[in-house]
Amino acid sequence: MRDVYVAGIGITTFTRLEYALSEIASYASMMALKDAGVTEVDDVYVANMGGARVNHQTALASAVVDSLSLTPAGAAAIENGPASGGSAIKAGFQAVASGMDDVVLVAGAERMREVNNLEATDFVATLTHPIAEYIYGVTLPAHAAMFTRLYMDKYGVTERHLAMVGVKNQNAALNNEWAHLQQEITLEGILDSPEAMTNNPYVAEPLRFFDACPVSDGGAALILVSKEKAEELGRPLIRISGVGQATDTHAVFEREDPTDLLAVRKAAADAFSMAGLTPEDVDVAELHDAFTILEIAESEEVGFFPKGEGHIALEKGETALGGKIPINVGGGLKGRGHPVGATGVAQAWEIVTQLRGDGGTRQVEGAKVGFTCNFGGFGNNVVCLTFVRED
Amino acid sequence: MAREIYAYRCRLCDTMHYPFKMVCSGCKQNDFFEFDTVPLPKAGKLLTFTKVYNLPAQYEVATLGLGIVELENGMRMLGQLDIDEPAMDMPVQGTVEIVREEPYDNYYGMVFRAV
């Protein structure tokens, strides 16, 4: 297997965008092509979840190659729920690692704000089990809420811990010009003051408004290349050193212990094993905090902290910028936004930015090893990646 | 006749499944539909629950109770809750009712109430 490097990255602002879905994907891709300094690619993979349902656009990758004048490159769209982005990176990785391709464009894009919030919620809920979950009106916030209640009962996580994740990540987004949420929040405003229940109502008890990521439009893109090509292009050598993907039961209630995220555990372990790294080696991590509880739970399952102690590490500031293992320093899904198909690619965009030392006010000093966890379904399809800077 | 929700028991190894799987998760040896259907028990205890405020567009109610119930036989299922103050481990009893209405279809599922 050949080594695979990230030679270029691109992103759009995450917000409500008045552009077509294919334009969002193409814009991020154009940025990545320019960053890498390439005008031709062998294959294009475009991650997207809702184009057909929300935007009435299918065959997104064909639109992107045409728009970017990359024809006749191969092109395919990848729909894998919220793990579409990580899955597209994996596909691109495999194409280069196998020797079949030398240059691959991987993009992710979503345009969810074309419909109202109720329809967006329903569109994301279509990833749940159609007979045993979806028909009951279950939503992703509902899944996260039921998971949170079990986690609180078992491990002593409180609403305060959840709010602390929200404050940390939303305020981190203030250091990221591309992030959706650009509003500082405080524990007082969302939890402690008399106005907190008005500012921060429940969306699915015990989860409140500020425990959930926003509904965002946006795109992100990477250029993956072989080592020979990476050296020729002369960009910083950021290697994707580990790739892990794992699945779990479709219906969440079927899991033996519903507080275990076994797919996260396995995907992370596989990525670390492939890279020859351990969780202790990671300098900066992007975890899939679609809901605040998920940052805490994933920080345990990927191996940064023992099970049940993620919220304690959070209290100690170990997951903040300057802490032992800074998590979601660019805002995470909570602050940057969560255009579902784009998220896995945007996580990689942030890690590459960090490993290049281009993080500005959110830079983790001396970061050489990065990690991403892209969490699909409610934990039933997870992609984890490790990134290493080679000097 | 009371409506039922069915579990699927593998004819080769007796492993029970809900929801349906084409291949048995126990023995992985069976052929398609090599299962017997067995009605799920309707009594159980509430494992976890939530009250949802932002519902999909089809629901014309302000909030919806949802929960995961551990049934008498140890299997679990998701259902809607018609319970004012749900609590973990609360004994509940289910009935099969309409849980989602679409323009041309009504979907039936389990609605749990406190015992």
# chains A, B, ... in the order shown; residues from 1 in each chain; ligands from 1
$ closest_atom_pairs --of "chain B" --to "chain A" --cutoff "10 Å" --atoms "only C-alpha atoms" --output "Markdown table"
| residue | atom | partner | partner_atom | distance |
| --- | --- | --- | --- | --- |
| B:Ile5 | CA | A:Ala132 | CA | 10.0 |
| B:His17 | CA | A:Glu254 | CA | 9.0 |
| B:Tyr18 | CA | A:Glu254 | CA | 7.9 |
| B:Pro19 | CA | A:Ala132 | CA | 6.2 |
| B:Phe20 | CA | A:Ile131 | CA | 9.2 |
| B:Leu47 | CA | A:Leu150 | CA | 8.0 |
| B:Thr48 | CA | A:Met146 | CA | 5.5 |
| B:Phe49 | CA | A:Met146 | CA | 5.2 |
| B:Thr50 | CA | A:Glu205 | CA | 5.2 |
| B:Lys51 | CA | A:Ala204 | CA | 5.3 |
| B:Val52 | CA | A:Ala204 | CA | 4.2 |
| B:Tyr53 | CA | A:Val203 | CA | 5.0 |
| B:Asn54 | CA | A:Val203 | CA | 6.0 |
| B:Leu55 | CA | A:Leu118 | CA | 6.4 |
| B:Pro56 | CA | A:Asp122 | CA | 4.8 |
| B:Ala57 | CA | A:Leu118 | CA | 5.0 |
| B:Gln58 | CA | A:Gly137 | CA | 8.7 |
| B:Tyr59 | CA | A:Gly137 | CA | 7.8 |
| B:Thr63 | CA | A:Ala204 | CA | 9.0 |
| B:Leu64 | CA | A:Gly137 | CA | 8.1 |
| B:Gly65 | CA | A:Ala204 | CA | 9.3 |
| B:Leu66 | CA | A:Val138 | CA | 7.4 |
| B:Gly67 | CA | A:Met146 | CA | 7.2 |
| B:Ile68 | CA | A:Phe253 | CA | 6.6 |
| B:Val69 | CA | A:Phe253 | CA | 8.6 |
| B:Glu70 | CA | A:Phe253 | CA | 9.0 |
| B:Met75 | CA | A:Glu254 | CA | 8.0 |
| B:Arg76 | CA | A:Phe253 | CA | 6.0 |
| B:Met77 | CA | A:Phe253 | CA | 6.2 |
| B:Leu78 | CA | A:Glu133 | CA | 6.4 |
| B:Gly79 | CA | A:Tyr136 | CA | 6.6 |
| B:Gln80 | CA | A:Tyr136 | CA | 6.3 |
| B:Met88 | CA | A:Leu150 | CA | 9.0 |
| B:Ile98 | CA | A:Tyr136 | CA | 9.2 |
| B:Val99 | CA | A:Tyr136 | CA | 5.6 |
| B:Arg100 | CA | A:Ile135 | CA | 5.9 |
| B:Glu101 | CA | A:Ile135 | CA | 9.0 |
| B:Asn106 | CA | A:Ile135 | CA | 9.5 |
| B:Tyr107 | CA | A:Ile135 | CA | 6.6 |
| B:Tyr108 | CA | A:Ile135 | CA | 8.1 |
| B:Gly109 | CA | A:Tyr136 | CA | 7.0 |
| B:Met110 | CA | A:Tyr136 | CA | 8.5 |
| B:Val111 | CA | A:Tyr136 | CA | 9.2 |
$ residues_around --residues "Leu12 in chain B" --least-positions-apart "5" --cutoff "9 Å" --atoms "only C-alpha atoms" --output "list in words"
Cys24, Cys27, Gln29, Asn30, Glu34 and Phe35 of chain B
$ residues_around --residues "Leu162 in chain A" --least-positions-apart "5" --cutoff "9 Å" --atoms "only C-alpha atoms" --output "number ranges by chain"
A: 157, 167, 207, 210-211, 291-293, 296, 311
$ atom_distance --atom1 "CA of Tyr155 in chain A" --atom2 "CA of Ala297 in chain A"
10.4 Å
$ atom_distance --atom1 "CA of Gly94 in chain B" --atom2 "CA of Lys42 in chain B"
4.8 Å
$ atom_distance --atom1 "CA of Ala28 in chain A" --atom2 "CA of Phe375 in chain A"
21.8 Å
$ select_by_dssp --residues "range 14-51 of chain B" --states "strand (DSSP E or B)" --output "list of chain:residue names"
B:Met16, B:His17, B:Phe35, B:Asp36, B:Thr37, B:Val38, B:Pro39, B:Ala43, B:Gly44, B:Lys45, B:Leu46, B:Leu47, B:Thr48, B:Phe49, B:Thr50, B:Lys51
$ write_last_selection --atoms "N, CA and C atoms" --output "PDB file, in the first residue's frame"
ATOM      1  N   MET B  16     -33.716 -14.715  18.781  1.00  0.00           N
ATOM      2  CA  MET B  16     -34.840 -13.801  18.519  1.00  0.00           C
ATOM      3  C   MET B  16     -34.319 -12.468  17.978  1.00  0.00           C
ATOM      4  N   HIS B  17     -35.055 -11.909  17.030  1.00  0.00           N
ATOM      5  CA  HIS B  17     -34.664 -10.627  16.452  1.00  0.00           C
ATOM      6  C   HIS B  17     -35.830  -9.665  16.428  1.00  0.00           C
ATOM      7  N   PHE B  35     -37.628 -17.847   9.497  1.00  0.00           N
ATOM      8  CA  PHE B  35     -37.907 -17.378  10.851  1.00  0.00           C
ATOM      9  C   PHE B  35     -39.364 -17.689  11.180  1.00  0.00           C
ATOM     10  N   ASP B  36     -39.656 -17.866  12.445  1.00  0.00           N
ATOM     11  CA  ASP B  36     -41.044 -17.890  12.917  1.00  0.00           C
ATOM     12  C   ASP B  36     -41.332 -16.557  13.579  1.00  0.00           C
ATOM     13  N   THR B  37     -42.535 -16.048  13.339  1.00  0.00           N
ATOM     14  CA  THR B  37     -42.881 -14.782  13.981  1.00  0.00           C
ATOM     15  C   THR B  37     -43.454 -15.057  15.368  1.00  0.00           C
ATOM     16  N   VAL B  38     -43.074 -14.218  16.297  1.00  0.00           N
ATOM     17  CA  VAL B  38     -43.497 -14.367  17.694  1.00  0.00           C
ATOM     18  C   VAL B  38     -43.920 -12.973  18.165  1.00  0.00           C
ATOM     19  N   PRO B  39     -45.145 -12.805  18.673  1.00  0.00           N
ATOM     20  CA  PRO B  39     -45.530 -11.467  19.136  1.00  0.00           C
ATOM     21  C   PRO B  39     -44.599 -10.987  20.242  1.00  0.00           C
ATOM     22  N   ALA B  43     -45.566  -5.796  27.965  1.00  0.00           N
ATOM     23  CA  ALA B  43     -45.216  -5.234  29.276  1.00  0.00           C
ATOM     24  C   ALA B  43     -43.704  -5.182  29.404  1.00  0.00           C
ATOM     25  N   GLY B  44     -43.247  -4.176  30.131  1.00  0.00           N
ATOM     26  CA  GLY B  44     -41.810  -4.051  30.335  1.00  0.00           C
ATOM     27  C   GLY B  44     -41.511  -2.894  31.253  1.00  0.00           C
ATOM     28  N   LYS B  45     -40.225  -2.506  31.270  1.00  0.00           N
ATOM     29  CA  LYS B  45     -39.868  -1.335  32.073  1.00  0.00           C
ATOM     30  C   LYS B  45     -39.094  -0.345  31.217  1.00  0.00           C
ATOM     31  N   LEU B  46     -39.251   0.919  31.569  1.00  0.00           N
ATOM     32  CA  LEU B  46     -38.672   1.997  30.777  1.00  0.00           C
ATOM     33  C   LEU B  46     -37.174   2.091  31.046  1.00  0.00           C
ATOM     34  N   LEU B  47     -36.393   1.952  29.975  1.00  0.00           N
ATOM     35  CA  LEU B  47     -34.935   2.000  30.120  1.00  0.00           C
ATOM     36  C   LEU B  47     -34.437   3.448  30.046  1.00  0.00           C
ATOM     37  N   THR B  48     -34.924   4.190  29.063  1.00  0.00           N
ATOM     38  CA  THR B  48     -34.568   5.604  28.924  1.00  0.00           C
ATOM     39  C   THR B  48     -35.671   6.276  28.124  1.00  0.00           C
ATOM     40  N   PHE B  49     -35.727   7.599  28.178  1.00  0.00           N
ATOM     41  CA  PHE B  49     -36.850   8.291  27.548  1.00  0.00           C
ATOM     42  C   PHE B  49     -36.483   9.737  27.272  1.00  0.00           C
ATOM     43  N   THR B  50     -37.311  10.377  26.462  1.00  0.00           N
ATOM     44  CA  THR B  50     -37.141  11.806  26.201  1.00  0.00           C
ATOM     45  C   THR B  50     -38.492  12.405  25.843  1.00  0.00           C
ATOM     46  N   LYS B  51     -38.577  13.706  25.947  1.00  0.00           N
ATOM     47  CA  LYS B  51     -39.725  14.444  25.424  1.00  0.00           C
ATOM     48  C   LYS B  51     -39.184  15.349  24.333  1.00  0.00           C
TER      49      LYS B  51
END
$ residues_around --residues "Pro236 in chain A" --least-positions-apart "4" --cutoff "12 Å" --atoms "only C-alpha atoms" --output "PyMOL selection string"
chain A and resi 5-9+35-36+227+230-232+352-358+368+388-391
$ closest_residue --among "A:Pro279, A:Gly244, A:Gly360, A:Gly303" --to "Val383 in chain A" --atoms "only C-alpha atoms"
A:Gly244
$ select_by_dssp --residues "range 158-298 of chain A" --states "helix (DSSP H, G or I)" --output "mmCIF file with N, CA and C atoms, in the first residue's frame"
data_model
loop_
_atom_site.group_PDB
_atom_site.id
_atom_site.type_symbol
_atom_site.label_atom_id
_atom_site.label_comp_id
_atom_site.auth_asym_id
_atom_site.auth_seq_id
_atom_site.Cartn_x
_atom_site.Cartn_y
_atom_site.Cartn_z
ATOM 1 N N GLU A 159 -26.232 18.243 33.290
ATOM 2 C CA GLU A 159 -26.521 19.257 32.272
ATOM 3 C C GLU A 159 -25.415 20.320 32.246
ATOM 4 N N ARG A 160 -24.774 20.522 33.390
ATOM 5 C CA ARG A 160 -23.674 21.495 33.430
ATOM 6 C C ARG A 160 -22.505 21.033 32.553
ATOM 7 N N HIS A 161 -22.189 19.749 32.609
ATOM 8 C CA HIS A 161 -21.108 19.238 31.749
ATOM 9 C C HIS A 161 -21.456 19.451 30.273
ATOM 10 N N LEU A 162 -22.708 19.163 29.939
ATOM 11 C CA LEU A 162 -23.116 19.341 28.538
ATOM 12 C C LEU A 162 -22.970 20.812 28.134
ATOM 13 N N ALA A 163 -23.428 21.699 29.007
ATOM 14 C CA ALA A 163 -23.339 23.135 28.710
ATOM 15 C C ALA A 163 -21.884 23.568 28.587
ATOM 16 N N MET A 164 -21.004 22.951 29.378
ATOM 17 C CA MET A 164 -19.576 23.300 29.299
ATOM 18 C C MET A 164 -18.994 22.946 27.929
ATOM 19 N N VAL A 165 -19.412 21.811 27.379
ATOM 20 C CA VAL A 165 -18.962 21.461 26.021
ATOM 21 C C VAL A 165 -19.486 22.494 25.027
ATOM 22 N N GLY A 166 -20.754 22.866 25.192
ATOM 23 C CA GLY A 166 -21.361 23.842 24.283
ATOM 24 C C GLY A 166 -20.639 25.182 24.319
ATOM 25 N N VAL A 167 -20.343 25.645 25.520
ATOM 26 C CA VAL A 167 -19.650 26.932 25.670
ATOM 27 C C VAL A 167 -18.246 26.830 25.068
ATOM 28 N N LYS A 168 -17.541 25.746 25.390
ATOM 29 C CA LYS A 168 -16.176 25.578 24.874
ATOM 30 C C LYS A 168 -16.161 25.616 23.340
ATOM 31 N N ASN A 169 -17.042 24.849 22.722
ATOM 32 C CA ASN A 169 -16.966 24.705 21.265
ATOM 33 C C ASN A 169 -17.558 25.906 20.532
ATOM 34 N N GLN A 170 -18.663 26.415 21.034
ATOM 35 C CA GLN A 170 -19.238 27.577 20.338
ATOM 36 C C GLN A 170 -18.300 28.775 20.448
ATOM 37 N N ASN A 171 -17.664 28.946 21.589
ATOM 38 C CA ASN A 171 -16.733 30.075 21.732
ATOM 39 C C ASN A 171 -15.442 29.831 20.946
ATOM 40 N N ALA A 172 -15.066 28.570 20.792
ATOM 41 C CA ALA A 172 -13.896 28.259 19.959
ATOM 42 C C ALA A 172 -14.140 28.695 18.516
ATOM 43 N N ALA A 173 -15.405 28.632 18.103
ATOM 44 C CA ALA A 173 -15.740 29.011 16.722
ATOM 45 C C ALA A 173 -15.461 30.486 16.450
ATOM 46 N N LEU A 174 -15.364 31.281 17.504
ATOM 47 C CA LEU A 174 -15.048 32.704 17.312
ATOM 48 C C LEU A 174 -13.641 32.873 16.730
ATOM 49 N N ASN A 175 -12.805 31.849 16.892
ATOM 50 C CA ASN A 175 -11.452 31.877 16.335
ATOM 51 C C ASN A 175 -11.390 31.301 14.920
ATOM 52 N N LEU A 187 -21.941 30.171 30.477
ATOM 53 C CA LEU A 187 -22.717 29.240 31.308
ATOM 54 C C LEU A 187 -23.869 29.978 31.977
ATOM 55 N N GLU A 188 -23.625 31.227 32.346
ATOM 56 C CA GLU A 188 -24.685 31.983 32.993
ATOM 57 C C GLU A 188 -25.880 32.147 32.042
ATOM 58 N N GLY A 189 -25.575 32.520 30.820
ATOM 59 C CA GLY A 189 -26.649 32.792 29.866
ATOM 60 C C GLY A 189 -27.431 31.567 29.459
ATOM 61 N N ILE A 190 -26.775 30.395 29.390
ATOM 62 C CA ILE A 190 -27.489 29.214 28.889
ATOM 63 C C ILE A 190 -27.860 28.230 29.993
ATOM 64 N N LEU A 191 -27.416 28.482 31.226
ATOM 65 C CA LEU A 191 -27.700 27.490 32.273
ATOM 66 C C LEU A 191 -28.083 28.095 33.620
ATOM 67 N N ASP A 192 -27.354 29.129 34.058
ATOM 68 C CA ASP A 192 -27.470 29.534 35.458
ATOM 69 C C ASP A 192 -28.426 30.702 35.718
ATOM 70 N N ALA A 196 -32.160 31.601 31.542
ATOM 71 C CA ALA A 196 -31.541 30.476 30.818
ATOM 72 C C ALA A 196 -32.567 29.573 30.149
ATOM 73 N N MET A 197 -33.689 29.323 30.812
ATOM 74 C CA MET A 197 -34.690 28.426 30.215
ATOM 75 C C MET A 197 -35.304 29.039 28.953
ATOM 76 N N THR A 198 -35.327 30.370 28.903
ATOM 77 C CA THR A 198 -35.829 31.044 27.704
ATOM 78 C C THR A 198 -34.760 31.052 26.610
ATOM 79 N N ASN A 199 -33.524 31.356 27.026
ATOM 80 C CA ASN A 199 -32.416 31.378 26.061
ATOM 81 C C ASN A 199 -32.138 29.992 25.505
ATOM 82 N N PHE A 209 -31.298 23.486 23.529
ATOM 83 C CA PHE A 209 -30.966 24.107 22.241
ATOM 84 C C PHE A 209 -29.452 24.198 22.023
ATOM 85 N N PHE A 210 -28.718 24.671 23.048
ATOM 86 C CA PHE A 210 -27.275 24.871 22.877
ATOM 87 C C PHE A 210 -26.474 23.576 23.030
ATOM 88 N N ASP A 211 -27.175 22.456 23.213
ATOM 89 C CA ASP A 211 -26.491 21.155 23.181
ATOM 90 C C ASP A 211 -26.425 20.593 21.771
ATOM 91 N N LYS A 227 2.980 10.022 -2.596
ATOM 92 C CA LYS A 227 4.152 10.700 -2.028
ATOM 93 C C LYS A 227 4.949 11.444 -3.103
ATOM 94 N N GLU A 228 5.123 10.773 -4.221
ATOM 95 C CA GLU A 228 5.869 11.385 -5.327
ATOM 96 C C GLU A 228 5.232 12.700 -5.754
ATOM 97 N N LYS A 229 3.915 12.689 -5.870
ATOM 98 C CA LYS A 229 3.185 13.891 -6.277
ATOM 99 C C LYS A 229 3.254 14.955 -5.178
ATOM 100 N N ALA A 230 3.172 14.503 -3.917
ATOM 101 C CA ALA A 230 3.210 15.458 -2.797
ATOM 102 C C ALA A 230 4.541 16.196 -2.796
ATOM 103 N N GLU A 231 5.633 15.475 -3.033
ATOM 104 C CA GLU A 231 6.954 16.110 -3.033
ATOM 105 C C GLU A 231 7.101 17.072 -4.210
ATOM 106 N N GLU A 232 6.518 16.686 -5.340
ATOM 107 C CA GLU A 232 6.548 17.547 -6.529
ATOM 108 C C GLU A 232 5.786 18.853 -6.284
ATOM 109 N N LEU A 233 4.640 18.751 -5.574
ATOM 110 C CA LEU A 233 3.807 19.942 -5.339
ATOM 111 C C LEU A 233 4.404 20.854 -4.278
ATOM 112 N N VAL A 252 -30.825 1.522 17.567
ATOM 113 C CA VAL A 252 -29.945 1.781 18.712
ATOM 114 C C VAL A 252 -30.280 0.855 19.894
ATOM 115 N N PHE A 253 -31.571 0.554 20.085
ATOM 116 C CA PHE A 253 -31.966 -0.236 21.271
ATOM 117 C C PHE A 253 -31.459 -1.666 21.233
ATOM 118 N N GLU A 254 -31.001 -2.122 20.071
ATOM 119 C CA GLU A 254 -30.501 -3.495 19.973
ATOM 120 C C GLU A 254 -29.114 -3.681 20.587
ATOM 121 N N LEU A 262 -19.689 1.136 20.165
ATOM 122 C CA LEU A 262 -18.685 0.139 19.767
ATOM 123 C C LEU A 262 -18.057 0.464 18.416
ATOM 124 N N ALA A 263 -18.844 1.090 17.521
ATOM 125 C CA ALA A 263 -18.279 1.417 16.202
ATOM 126 C C ALA A 263 -17.215 2.503 16.337
ATOM 127 N N VAL A 264 -17.416 3.437 17.268
ATOM 128 C CA VAL A 264 -16.396 4.464 17.499
ATOM 129 C C VAL A 264 -15.128 3.786 18.041
ATOM 130 N N ARG A 265 -15.333 2.896 19.008
ATOM 131 C CA ARG A 265 -14.185 2.224 19.635
ATOM 132 C C ARG A 265 -13.372 1.461 18.590
ATOM 133 N N LYS A 266 -14.077 0.720 17.721
ATOM 134 C CA LYS A 266 -13.359 -0.116 16.753
ATOM 135 C C LYS A 266 -12.719 0.724 15.643
ATOM 136 N N ALA A 267 -13.459 1.709 15.151
ATOM 137 C CA ALA A 267 -12.899 2.542 14.074
ATOM 138 C C ALA A 267 -11.639 3.254 14.560
ATOM 139 N N ALA A 268 -11.672 3.762 15.796
ATOM 140 C CA ALA A 268 -10.503 4.458 16.339
ATOM 141 C C ALA A 268 -9.347 3.479 16.546
ATOM 142 N N ALA A 269 -9.648 2.333 17.125
ATOM 143 C CA ALA A 269 -8.591 1.347 17.384
ATOM 144 C C ALA A 269 -7.933 0.904 16.071
ATOM 145 N N ASP A 270 -8.753 0.722 15.033
ATOM 146 C CA ASP A 270 -8.212 0.300 13.730
ATOM 147 C C ASP A 270 -7.335 1.398 13.121
ATOM 148 N N ALA A 271 -7.777 2.642 13.241
ATOM 149 C CA ALA A 271 -6.988 3.744 12.687
ATOM 150 C C ALA A 271 -5.652 3.867 13.423
ATOM 151 N N PHE A 272 -5.700 3.801 14.750
ATOM 152 C CA PHE A 272 -4.451 3.895 15.527
ATOM 153 C C PHE A 272 -3.521 2.718 15.221
ATOM 154 N N SER A 273 -4.109 1.542 15.106
ATOM 155 C CA SER A 273 -3.300 0.354 14.835
ATOM 156 C C SER A 273 -2.604 0.469 13.470
ATOM 157 N N MET A 274 -3.348 0.892 12.476
ATOM 158 C CA MET A 274 -2.770 1.053 11.132
ATOM 159 C C MET A 274 -1.651 2.089 11.143
ATOM 160 N N ALA A 275 -1.828 3.137 11.949
ATOM 161 C CA ALA A 275 -0.852 4.233 11.979
ATOM 162 C C ALA A 275 0.330 3.919 12.893
ATOM 163 N N PRO A 279 -3.654 6.677 21.354
ATOM 164 C CA PRO A 279 -4.386 7.931 21.617
ATOM 165 C C PRO A 279 -3.507 8.973 22.314
ATOM 166 N N GLU A 280 -2.523 8.528 23.082
ATOM 167 C CA GLU A 280 -1.635 9.474 23.785
ATOM 168 C C GLU A 280 -0.780 10.285 22.817
ATOM 169 N N ASP A 281 -0.589 9.772 21.605
ATOM 170 C CA ASP A 281 0.252 10.475 20.632
ATOM 171 C C ASP A 281 -0.452 11.665 19.980
ATOM 172 N N THR A 292 -23.665 17.745 22.393
ATOM 173 C CA THR A 292 -22.570 17.906 23.344
ATOM 174 C C THR A 292 -22.158 16.586 23.991
ATOM 175 N N ILE A 293 -23.140 15.723 24.269
ATOM 176 C CA ILE A 293 -22.822 14.447 24.932
ATOM 177 C C ILE A 293 -21.860 13.623 24.080
ATOM 178 N N LEU A 294 -21.941 13.786 22.748
ATOM 179 C CA LEU A 294 -21.120 12.937 21.888
ATOM 180 C C LEU A 294 -19.640 13.265 22.004
ATOM 181 N N GLU A 295 -19.303 14.530 22.259
ATOM 182 C CA GLU A 295 -17.878 14.837 22.445
ATOM 183 C C GLU A 295 -17.349 14.108 23.682
ATOM 184 N N ILE A 296 -18.150 14.121 24.752
ATOM 185 C CA ILE A 296 -17.728 13.445 25.979
ATOM 186 C C ILE A 296 -17.602 11.934 25.750
ATOM 187 N N ALA A 297 -18.643 11.344 25.162
ATOM 188 C CA ALA A 297 -18.643 9.883 24.967
ATOM 189 C C ALA A 297 -17.548 9.449 23.998
ATOM 190 N N GLU A 298 -17.386 10.191 22.901
ATOM 191 C CA GLU A 298 -16.365 9.809 21.915
ATOM 192 C C GLU A 298 -14.960 9.978 22.489
#
$ residues_around --residues "range 69-72 of chain A" --least-positions-apart "3" --cutoff "12 Å" --atoms "only C-alpha atoms" --output "MDAnalysis selection string"
chainID A and resid 26 29:30 33 38:44 61:66 75 103:105
